[in-house]
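Following: one structure in structure tokens, then a few remarks.
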Amino acid sequence: MHFSPCLLAFTERRLIAWDCASGVLQDWPLRAGMRLRISDQSGLGQLDLMDERGRQALWRFTLKVNLQAQRFEEAFNHRDQGQDVQADEAQLCPSCQAVLPEGSEECPSCQRELHTPPSTWVLLRLWRFARPYQGQLLLGFLLMMGATGATLVSPYLTMPLMDKVLIPFQNGQQIDPGLVAMYLSGLLGAALVSWVLGWAKTYILALVSERIAADLRTATFEHLLGLSLEYFGSKRTGDLMSRIGSETDRISVFLSLHALDFITDVLMLVMTALILFSINPWLALATLLPLPFIAWMIHLVRDRLRTGFEKIDRVWGEVTSVLADTIPGIRVVKAFAQERREAQRFKDANAHNLAVNDKLNKTWSLFSPTVALLTEIGLLVVWAFGISLIAGGQITVGTLTAFIAYIGRFYGRLDSMSRIVSVTQKAAAGAKRIFDILDHQSNVPEPSNPVQLASVQGGIMLQDIGFRYGNRSVIRGLNLEIKPGEMIGLVGHSGSGKSTLVNLICRFYDVTEGAIKVDGVDLRRFRLADFRRHIGLVLQEPFLFFGTIAENIAYGKPGATREEIVAAARAAHAHEFILRLPQGYDSLVGERGQGLSGGERQRISIARALLIDPRILIMDEATSAVDTETEKEIQKALDNLVRGRTTIAIAHRLSTLRKADRLVVMDRGEIVEVGPHDELIEKQGAYWRLWEAQARRVEAEGEGGLIVVAPNANAHTANA
């Protein structure tokens with residue numbers, strides 16, 4: 001299976017194949033009934049040239065060129081119909097040019113977010129979450145203006161205190177105690193008013209910002225739950241946890257502290273500038289001299305900071321993803337003695353995070369001292385210009401003193417604003433990652449005019465369905481009718497499309513071709529929650545949540561009574577082992593049910609499905625991972641579960657499906673055989689071959705035989 005470049009082309013008269021490596025050229029004259037057939041499995045595609053006599057030629061290819069092969073096949077098979085097979089540009093992924101699923105703008109094959117630099121304007125989108133609290137925000141803004149105005153009173157009172165009290169005293173005049181008391185009372189009153197108003201506005205705006213962040217977290221998580229499984233297939237748990245957790249916390253801190261400081265700084269600058277110009281315009285101009293240079297520097301580093309912080313967020317997501325992978329899988333880590341490897345993986349991710357932070361800190365470390373230097377130079381300019389004005393008799397010492405006090409506050413706020421640039425870009429990067437989730441549309445959308453679903457009979461019709469994951473075709477041209485109450489067994493080799501088919505029936509994904517109908521109505525016309533309420537799902541690896549056994553059984557029906565929970569557990573043959581636990585039904589099962597055995601978790605999963613009394617039951621390898629004795633217990637529970645329901649079962653052991661009304665044999669996304677067990681055995685087709693292979697394997701295991709395949713060697717049989 002060595003690959004080399006090859007050219008495949010067709011004209012109006014013939015199909016041409018040229019092997020670039022060997023230089024061999026082949027051609028086939030085109031005839032009526034000649035067609036191409038494409039198939040793929042396990043990363044390898046195959047293109048067959050077929051006619052009425054059978055296969056005439058085949059070409060194998062890697063799935064990297066699967067999209068081109070599909071277009072070639074379509075063009076060839078429609079050559080007599082004059083159809084233009086060039087896909088509509090609106091239906092192509094702009095990144096990889098793969099054909100998008102119908103009704104979707106998301107490419108499943110490259111479903112990764114484009115890491116575009118976040119814009120500061122993304123913070124304005126938070127207004128959607130702030131709108132319910134606009135009254136409190138307005139009150140906080142008014143309090144902020146009052147507090148800022150109160151802080152500007154003190155420097156203004158220093159002018160008369162210097163000119164009318166202190167300087168006359170130096171010239172030999174007596175101090176007027178009443179005048180001093182009045183000015184000092186004004187200073188004390190301004191300080192108290194500023195403190196009260198500052199406390200009130202900080203408290204109110206902190207409460208509002210926490211509520212905005214809480215609403216943002218809730219909205220993000222609710223939207224995340226509504227996305228299809230395709231989205232989660234390309235995301236890491238740690239990254240999503242980082243977004244909903246740390247990013248919203250960062251936004252909350254920005255809104256409650258830094259955004260508030262920024263607005264206060266702007267108000268302080270504007271009000272201070274007005275006061276300075278009212279005192280002496282020329283001295284005010286000298287004060288504002290460094291401002292353009294500082295604004296230019298902020299603009300210069302803003303983009304670097306914004307892209308840098310967004311990259312830091314992504315790298316931090318990699319660090320948390322290592323934790324999210326390792327901690328839940330700690331049993332596997334210890335079983336294979338890979339503690340050092342996982343520690344090194346975390347160390348590498350942490351080192352990457354450190355390197356990215358160091359690179360950004362080079363820019364930031366230069367920026368802040370430069371701003372401080374410019375403000376110091378500005379202060380020196382004011383001193384020099386002010387002394388010259390005093391020497392010329394244009395201003396008094398008190399005026400210069402007030403100016404210096406105002407300038408200290410002015411430049412202090414200016415330095416604070418420059419530091420807020422960093423925090424703002426961090427918040428913008430976090431908001432962008434949050435809105436990346438909120439802007440993502442599910443590939444399994446809710447219908448605009450849903451059909452009401454009061455009850456389900458359980459009849460399922462699959463009409464010419466096809467499903468494509470990216471540029472890989474998984475299901476193609478599949479037709480099947482399942483009657484209400486019928487039990488169907490799905491069998492076939494791994495990768496034949498069995499699990500994909502049940503995922504489509506559950507509408508975890510939407511078909512790209514054809515339709516799936518339940519009781520004669522297309523699935524896409526039902527509300528997802530209404531439809532899935534009638535489906536019971538029993539998986540090969542049952543997932544239990546941290547909590548009590550009763551809570552896990554009642555997960556699909558939270559309002560279930562204890563009697564209903566116990567009845568479901570009895571039917572699932574779980575009641576006896578539950579009573580042996582220390583707290584019975586109130587026993588904690590631990591995270592992911594680690595406190596229970598595989599068979600016990602599976603029986604709780606069956607009880608969970610029984611409790612909701614579904615009309616359609618999906619079982620995906622429900623007994624493949626347990627021992628024979630446990631399988632018997634689970635099989636008894638399954639017999640109770642399938643009674644009177646439409647059941648679709650996938651089983652590793654074919655013997656467990658002998659009770660099925662019909663068996664559906666799948667291969668490469670297509671149905672190759674359908675019928676009862678005995679009938680398919682008599683045909684000696686695909687199912688018979690599977691049955692015989694499994695029977696031989698069971699016989700070998702029963703005799704204690706172990707098949708060992710060594711690299712570059714023949715197979716050997718060793719007695720265990």
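FYI, nothing fancy with the structure tokens labels: chains A, B, ... in order, residues from 1 per chain, ligands from 1 as they appear.
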
Enumerate the residues of range 506-541 of chain A with a DSSP assignment of helix (DSSP H, G or I), computed from the backbone, and present them as a VMD selection string.
chain A and resid 523 to 525 528 to 532

When you look at Val511 in chain A with a cut-off of 7 Å (counting only C-alpha atoms), what residues show up, excluding the ones that are within fewer than 3 positions of it in the same chain? I need them as a ChimeraX atom specification.
/A:465-467,504,514-515

Polymer residues at most 6 Å from range 283-299 of chain A, only C-alpha atoms, same-chain spacing of 3 or more positions, as a ChimeraX atom specification
/A:276-277,280,302,378,382

Tell me, as a ChimeraX atom specification, which residues lie within 7 Å of range 182-195 of chain A, counting only C-alpha atoms; anything in the same chain fewer than 5 positions away does not count.
/A:147,150-151,153-154,157,161

Keeping only C-alpha atoms, write those residues as an mmCIF file, in the first residue's frame.
data_model
loop_
_atom_site.group_PDB
_atom_site.id
_atom_site.type_symbol
_atom_site.label_atom_id
_atom_site.label_comp_id
_atom_site.auth_asym_id
_atom_site.auth_seq_id
_atom_site.Cartn_x
_atom_site.Cartn_y
_atom_site.Cartn_z
ATOM 1 C CA ALA A 147 -17.336 61.530 44.281
ATOM 2 C CA ALA A 150 -15.693 66.161 45.645
ATOM 3 C CA THR A 151 -12.063 65.066 45.261
ATOM 4 C CA VAL A 153 -12.485 70.558 45.841
ATOM 5 C CA SER A 154 -9.399 70.089 48.038
ATOM 6 C CA LEU A 157 -9.177 75.392 48.491
ATOM 7 C CA LEU A 161 -5.250 78.906 52.048
#

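Across the model, the gap from CA of Phe410 in chain A to CA of Trp383 in chain A is 14.8 Å.
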
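Considering only C-alpha atoms, the residue among A:Arg468, A:Lys201, A:Arg13, A:His223 positioned nearest to Asn66 in chain A is A:Arg468.
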
Run DSSP on the backbone and tell me which residues of range 430-552 of chain A come out as strand (DSSP E); list them as an MDAnalysis selection string.
chainID A and resid 460:469 472:482 487:491 513:518 521:522 535:538

Can you pull out the residues contacting Leu323 in chain A? Cut-off 12 Å, using only C-alpha atoms, and skip same-chain residues under 2 positions away; I want them as a PyMOL selection string.
chain A and resi 236-239+241-242+316-321+325-330+342-343+345-347+349-350

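By chain and then residue number, the residues within 9 Å of Ile671 in chain A are Gly477, Leu478, Asn479, Leu480, Val664 and Val665 of chain A, counting only C-alpha atoms and disregarding those fewer than 6 positions away in sequence.
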